[in-house]
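See below for the structure under consideration.
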Amino acid sequence: MKIKEIPISERPREKLLKYGRENLTDAELLSIVLKTGTKDCNVSELAMKIIRALDGIENLKYASMNTLTKIKGVGSVKATELLVLSELAKRINRKSMGNKSKYINPKTIYEYSKDLFDGLKQEYFYCLYLNSKKELIERKLLFMGTLNKSVVHPREIFKEAYRLSASSIVCLHNHPSGDCTPSIEDIVFTNSLVKIGKINGIPLVDHLIMTDDGYYSFYENNRMVD
């Protein structure tokens, strides 16, 4: 059935205007974003096809360009729109927590930050720069690495800390393998940051290794020593 054959009152845009966005299904909301379907299926059918292919709309956050364009009816333009939608949702969720949220323990830090690493296949290294109240001043991506190695220099970490007048630092990086156990390199690097932080009066309060299923906290495991 073509979208024009659907009664006007049942079309997604008209339903949104009449009933409000909160009363639309995932497929109806997605169809509004997609705007058009294909010659083989209308936009509502395409939206449902995408949701089925992803095994739920919540898995859009893990989707890549390659994953989306493999779905029949989704070309590069529609895939780009979906990726933008996913990224905006992540950012809205992150900002809704507010910079004034207190990053007071590893679990809180993990919950506030885990979506930064969703679906990544290489290592990313972030620093969280905190004020004296443990509130976030800025979150900064400093390095992107290969499949299993990131190259980080302490100079860049502390240069940003001085620029932001940060009182303390939390480091985050992911292990794409899914194993959050620290490597020897992770341990040596963390110890060096602890030492430099003490010298500079900007302590490293924790270093978290992140995976989709959990995290490893150097602080929780009493490994914040130089």
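Going by the structure tokens order, chains are called A, B, ..., each with residues numbered from 1, while ligands are numbered from 1 in the order shown.
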
- request: Write out as a PyMOL selection string all residues of range 4-225 of chain A that backbone DSSP assigns to strand (DSSP E or B).
  value: chain A and resi 102+124-130+135-144+168-174+204-211+214-217

Would you mind listing, for every residue of range 4-53 of chain A within 9 Å of range 58-77 of chain A, the two atoms forming the shortest contact and the distance between them in Å to one decimal, using only C-alpha atoms, sorted by chain and ascending residue number, as JSON lines?
```
{"residue": "A:Gly37", "atom": "CA", "partner": "A:Gly73", "partner_atom": "CA", "distance": 7.4}
{"residue": "A:Thr38", "atom": "CA", "partner": "A:Gly73", "partner_atom": "CA", "distance": 6.1}
{"residue": "A:Lys39", "atom": "CA", "partner": "A:Gly73", "partner_atom": "CA", "distance": 8.9}
{"residue": "A:Asp40", "atom": "CA", "partner": "A:Gly73", "partner_atom": "CA", "distance": 8.3}
{"residue": "A:Cys41", "atom": "CA", "partner": "A:Gly73", "partner_atom": "CA", "distance": 8.3}
{"residue": "A:Leu46", "atom": "CA", "partner": "A:Gly73", "partner_atom": "CA", "distance": 7.0}
{"residue": "A:Lys49", "atom": "CA", "partner": "A:Ile71", "partner_atom": "CA", "distance": 8.0}
{"residue": "A:Ile50", "atom": "CA", "partner": "A:Ile71", "partner_atom": "CA", "distance": 6.9}
{"residue": "A:Ile51", "atom": "CA", "partner": "A:Leu60", "partner_atom": "CA", "distance": 8.3}
{"residue": "A:Ala53", "atom": "CA", "partner": "A:Ile71", "partner_atom": "CA", "distance": 7.2}
```

task: Give the alpha helix (DSSP H) residues of range 49-146 of chain A, as assigned by DSSP on the backbone, as a PyMOL selection string.
output: chain A and resi 49-54+65-69+76-97+106-113

- request: Find the residues near Val194 in chain A: any atom within 8 Å, counting only C-alpha atoms, skip ones fewer than 4 places away on the same chain, and give them as JSON, numbers by chain.
  value: {"A": [190, 198, 203, 204, 224, 225, 226]}

Residue neighbourhood range 157-174 of chain A, 8 Å, only C-alpha atoms, exclusion window fewer than 2 positions, as number ranges by chain: A: 117, 123-132, 134, 137-138, 142, 153-155, 176, 180, 201-211

Could you take the residues named above and write them with C-alpha atoms, as a PDB file, in the first residue's frame?
```pdb
ATOM      1  CA  PHE A 117      31.975   3.852  23.198  1.00  0.00           C
ATOM      2  CA  GLU A 123      40.281   2.258  21.015  1.00  0.00           C
ATOM      3  CA  TYR A 124      39.134   5.754  21.939  1.00  0.00           C
ATOM      4  CA  PHE A 125      40.673   7.706  24.799  1.00  0.00           C
ATOM      5  CA  TYR A 126      38.724  10.425  26.625  1.00  0.00           C
ATOM      6  CA  CYS A 127      39.523  12.671  29.548  1.00  0.00           C
ATOM      7  CA  LEU A 128      36.920  14.106  31.877  1.00  0.00           C
ATOM      8  CA  TYR A 129      38.046  17.376  33.404  1.00  0.00           C
ATOM      9  CA  LEU A 130      36.371  18.114  36.740  1.00  0.00           C
ATOM     10  CA  ASN A 131      36.094  21.133  38.999  1.00  0.00           C
ATOM     11  CA  SER A 132      36.619  21.107  42.762  1.00  0.00           C
ATOM     12  CA  LYS A 134      33.621  16.834  40.965  1.00  0.00           C
ATOM     13  CA  ILE A 137      33.932  21.047  33.056  1.00  0.00           C
ATOM     14  CA  GLU A 138      34.596  19.382  29.725  1.00  0.00           C
ATOM     15  CA  LEU A 142      42.155  13.067  22.883  1.00  0.00           C
ATOM     16  CA  HIS A 153      50.883  11.351  25.634  1.00  0.00           C
ATOM     17  CA  PRO A 154      50.524  12.741  29.174  1.00  0.00           C
ATOM     18  CA  ARG A 155      51.525  16.186  27.910  1.00  0.00           C
ATOM     19  CA  PRO A 176      37.017  -3.297  21.728  1.00  0.00           C
ATOM     20  CA  CYS A 180      38.136  -4.785  30.416  1.00  0.00           C
ATOM     21  CA  GLY A 201      48.538  19.362  41.649  1.00  0.00           C
ATOM     22  CA  ILE A 202      45.867  17.998  39.296  1.00  0.00           C
ATOM     23  CA  PRO A 203      45.260  14.448  40.487  1.00  0.00           C
ATOM     24  CA  LEU A 204      44.081  11.596  38.332  1.00  0.00           C
ATOM     25  CA  VAL A 205      41.191  10.296  40.414  1.00  0.00           C
ATOM     26  CA  ASP A 206      40.426   7.257  38.271  1.00  0.00           C
ATOM     27  CA  HIS A 207      41.065   5.522  34.978  1.00  0.00           C
ATOM     28  CA  LEU A 208      38.212   3.393  33.649  1.00  0.00           C
ATOM     29  CA  ILE A 209      38.514   0.756  30.960  1.00  0.00           C
ATOM     30  CA  MET A 210      35.104   0.499  29.314  1.00  0.00           C
ATOM     31  CA  THR A 211      33.270  -2.275  27.486  1.00  0.00           C
TER      32      THR A 211
END
```

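In terms of minimum interatomic distance to Leu85 in chain A, A:Ile57 ranks closest within A:Ser217, A:Ile57, A:His175, A:Gln122, counting only C-alpha atoms.
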
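Excluding Met48 in chain A and any residue on its chain fewer than 5 positions from it, the residues at most 10 Å away by only C-alpha atoms are Asp26, Ala27, Glu28, Leu30, Ser31, Val43, Ala53, Leu54, Gly56 and Ile57 of chain A.
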
message: So, with only C-alpha atoms as the atoms that count, which of A:Ser183, A:Asn191, A:Thr80, A:Ser113 lies closest to Leu141 in chain A?
response: A:Ser113

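Residue nearest Gly145 in chain A within the list A:Arg13, A:Lys121, A:Thr181, A:Lys102: A:Lys121 [criterion: smallest interatomic distance, only C-alpha atoms].
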